[in-house]
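To keep things clear, I will list the structure first and then write my remarks on it.
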There are 2 protein chains.
Amino acid sequence: MSSSEFIKGTLKTIILKLLAENKQMYGYEISQKVEELSASEIKLTYGALYPVLYKLENEGLLVAETEVVDGRARKYYSLTPQGVELAKVKVSELQKFTETLKNILLPAPNISLEIWGA
Amino acid sequence: MSSSEFIKGTLKTIILKLLAENKQMYGYEISQKVEELSASEIKLTYGALYPVLYKLENEGLLVAETEVVDGRARKYYSLTPQGVELAKVKVSELQKFTETLKNILLPAPNISLEIWGA
DNA sequence: CGCATATGTTTAAGAAAATTAAATATATAA
DNA sequence: TTATATATTTAATTTTCTTAAACATATGCG
């Protein structure tokens, strides 16, 4: 599994967003969901995903609950109230950032001389 | 100066894009331009900006030329032919990524039952 | 039965990248 | 002379990601 280099810095927000929408998800499910939503463009590495989940849990933004399904352990994560609040803020900030980025990536407008009255 | 956490991973591409458009820029100018284009949302830290410039130079994507202007040294960077090529690729990739990100951040569609023929 | 594949989590070592902060240097305006 | 703006460099620390492996189970295929 390899991920787009661009995802750096946005992974935390993506996880918060998915949990805000799905209430309960486990790590593997999150990675599958991101792959699905991105049409396979983004493939999370577990080495990146799980440490972020632990960190969010440590920060009190997520709570984990382990369940055994089909003989395998699954750790379901869900947002705490603080997590819900932060998800809103971060998603909004990231949306704004993508707009900004889009503007930066736009071809620079050709300043025509007429603007200057010429 | 502090930057948006989201810029991580995209800085290299932003620099390539600005140089593709402006032919010649120096570090300070790049940081000012990004701040301007982002309506002050993104403020590059020099500790992040300059090492990226050195790295791009080492990779043969940029060439630097020092000039003294008003008694102060300025290091102008411009793209090498490889840099020009990479700029095209990276900008295109990042544009695609922002579209993907937008989709992920979109509210999840409510799957209505009628889709299933109910 | 054995093997591959899919499902799932954990974690360690190393590399890459960013943050923070300070040092160096000059011009100009107040 | 003091503050602000311009401009680059770089070191220490922290954060984050990549890569890779280990551990564990279920299922489908030949």
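Naming works like this for the structure tokens: A, B, ... for the chains as they're shown, residue 1 at the start of each chain, ligands 1 onward in shown order.
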- Task: Enumerate, as a PyMOL selection string, the complete set of residues in chain A that a backbone-based DSSP assignment places in strand (DSSP E or B).
- Result: chain A and resi 25-26+62-69+72-79
The selected residues should be written to file as a compact mmCIF listing (two decimals), in the first residue's frame (atoms: C-alpha atoms).
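Result saved to again-v4.txt:
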```txt
# COMPACT_ATOMS: atom_id res chain seq x y z
CA MET A 25 -15.44 2.46 11.99
CA TYR A 26 -12.39 0.27 12.39
CA LEU A 62 -11.81 9.16 19.67
CA VAL A 63 -12.79 6.23 21.82
CA ALA A 64 -12.07 2.64 20.86
CA GLU A 65 -14.07 -0.47 21.53
CA THR A 66 -12.82 -3.91 20.59
CA GLU A 67 -15.19 -6.53 19.26
CA VAL A 68 -14.56 -10.01 17.97
CA VAL A 69 -16.16 -10.59 14.60
CA ARG A 72 -10.99 -11.78 14.46
CA ALA A 73 -10.58 -8.75 16.68
CA ARG A 74 -11.80 -5.44 15.39
CA LYS A 75 -11.26 -2.13 17.09
CA TYR A 76 -14.13 0.21 16.46
CA TYR A 77 -13.46 3.89 16.80
CA SER A 78 -15.99 6.62 17.35
CA LEU A 79 -15.81 10.35 18.00
```
Can I get the residues of chain B within 12 Å of chain A, each with the closest pair of atoms and their distance in Å to one decimal, using only C-alpha atoms, sorted chain first then ascending number, as CSV?
```
residue,atom,partner,partner_atom,distance
B:Ser3,CA,A:Gly9,CA,11.4
B:Ser4,CA,A:Phe97,CA,8.4
B:Glu5,CA,A:Gly9,CA,5.7
B:Phe6,CA,A:Gly9,CA,4.7
B:Ile7,CA,A:Gly9,CA,6.9
B:Lys8,CA,A:Gly9,CA,5.3
B:Gly9,CA,A:Phe6,CA,4.8
B:Thr10,CA,A:Phe6,CA,5.7
B:Leu11,CA,A:Phe6,CA,9.3
B:Lys12,CA,A:Phe6,CA,10.0
B:Thr13,CA,A:Leu105,CA,9.2
B:Ile14,CA,A:Leu105,CA,7.5
B:Ile15,CA,A:Ile104,CA,10.3
B:Leu16,CA,A:Leu105,CA,10.3
B:Lys17,CA,A:Leu105,CA,6.9
B:Leu18,CA,A:Ile104,CA,8.4
B:Leu19,CA,A:Ala108,CA,11.4
B:Ala20,CA,A:Pro107,CA,9.9
B:Glu21,CA,A:Ala108,CA,7.0
B:Asn22,CA,A:Ala108,CA,9.2
B:Lys33,CA,A:Ile104,CA,9.7
B:Val34,CA,A:Ile104,CA,7.8
B:Glu35,CA,A:Ile104,CA,10.3
B:Glu36,CA,A:Ile104,CA,9.8
B:Leu37,CA,A:Ile104,CA,6.2
B:Ser38,CA,A:Thr100,CA,5.6
B:Ala39,CA,A:Thr100,CA,8.4
B:Ser40,CA,A:Thr100,CA,10.2
B:Glu41,CA,A:Phe97,CA,8.1
B:Ile42,CA,A:Phe97,CA,8.8
B:Ala87,CA,A:Leu105,CA,10.7
B:Lys88,CA,A:Leu105,CA,10.6
B:Lys90,CA,A:Phe6,CA,10.1
B:Val91,CA,A:Leu105,CA,6.7
B:Ser92,CA,A:Leu105,CA,8.8
B:Glu93,CA,A:Phe6,CA,9.1
B:Leu94,CA,A:Phe6,CA,7.2
B:Gln95,CA,A:Lys102,CA,6.9
B:Lys96,CA,A:Glu41,CA,9.3
B:Phe97,CA,A:Phe6,CA,7.3
B:Thr98,CA,A:Thr98,CA,5.9
B:Glu99,CA,A:Thr98,CA,8.3
B:Thr100,CA,A:Ser38,CA,5.6
B:Leu101,CA,A:Thr98,CA,7.7
B:Lys102,CA,A:Gln95,CA,6.9
B:Asn103,CA,A:Leu37,CA,7.3
B:Ile104,CA,A:Leu37,CA,6.2
B:Leu105,CA,A:Val91,CA,6.7
B:Leu106,CA,A:Gln95,CA,9.0
B:Pro107,CA,A:Glu21,CA,7.9
B:Ala108,CA,A:Glu21,CA,7.1
B:Pro109,CA,A:Glu21,CA,10.3
B:Asn110,CA,A:Glu21,CA,10.8
```
- Distance filter 12 Å, only C-alpha atoms (C1' of nucleotides), chain C against chain B, as number ranges by chain: C: 16-22, 24-28
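In this comparison, chain B was overlaid on chain A using all C-alpha atoms paired by position, and the resulting RMSD is 0.1 Å.
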Check which residues of chain D sit at most 9 Å from chain B using only C-alpha atoms (C1' of nucleotides), and return one row each with the closest pair of atoms and their distance in Å to one decimal, ordered by chain and rising number, as a Markdown table.
```
| residue | atom | partner | partner_atom | distance |
| --- | --- | --- | --- | --- |
| D:DT6 | C1' | B:Tyr28 | CA | 8.2 |
| D:DA7 | C1' | B:Tyr28 | CA | 6.5 |
| D:DT8 | C1' | B:Arg74 | CA | 7.9 |
| D:DT9 | C1' | B:Tyr50 | CA | 8.4 |
| D:DT10 | C1' | B:Gly47 | CA | 8.5 |
```
- Message: When you look at C:DA12 with a cut-off of 10 Å (counting only C-alpha atoms (C1' of nucleotides)), what residues show up, excluding the ones that are within fewer than 2 positions of it in the same chain? I need them as a ChimeraX atom specification.
- Response: /C:10,14 /D:20-21
- Query: When DSSP works through the backbone of this structure, what residues of stretch 11-107 of chain A end up as helix (DSSP H, G or I), shown as a ChimeraX atom specification?
  - Reply: /A:11-22,27-37,46-58,81-105
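Near D:DG30, within a cut-off of 12 Å and counting only C-alpha atoms (C1' of nucleotides), sit the residues DC1, DG2, DC3 and DA4 of chain C, with same-chain residues fewer than 5 positions away left out.
The residue set within 7 Å of B:Gln82, counting only C-alpha atoms (C1' of nucleotides) and dropping same-chain residues fewer than 3 places from it, reads Leu61, Glu85 and Leu86 of chain B.
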Let me see the file: selected residues, C-alpha atoms, as a PDB file, in the first residue's frame.
```
ATOM      1  CA  LEU B  61      15.023  20.679 -10.760  1.00  0.00           C
ATOM      2  CA  GLU B  85       8.456  18.830 -16.813  1.00  0.00           C
ATOM      3  CA  LEU B  86       8.006  17.891 -13.178  1.00  0.00           C
TER       4      LEU B  86
END
```
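The space between atom CA of A:Leu56 and atom C1' of D:DT16 spans 13.9 Å.
Our summary of the geometry notes that atom CA of B:Tyr54 is positioned 13.4 Å from atom CA of B:Gly83.
When atom CA of B:Ser31 is paired with atom C1' of D:DT13, their separation reads 23.6 Å.
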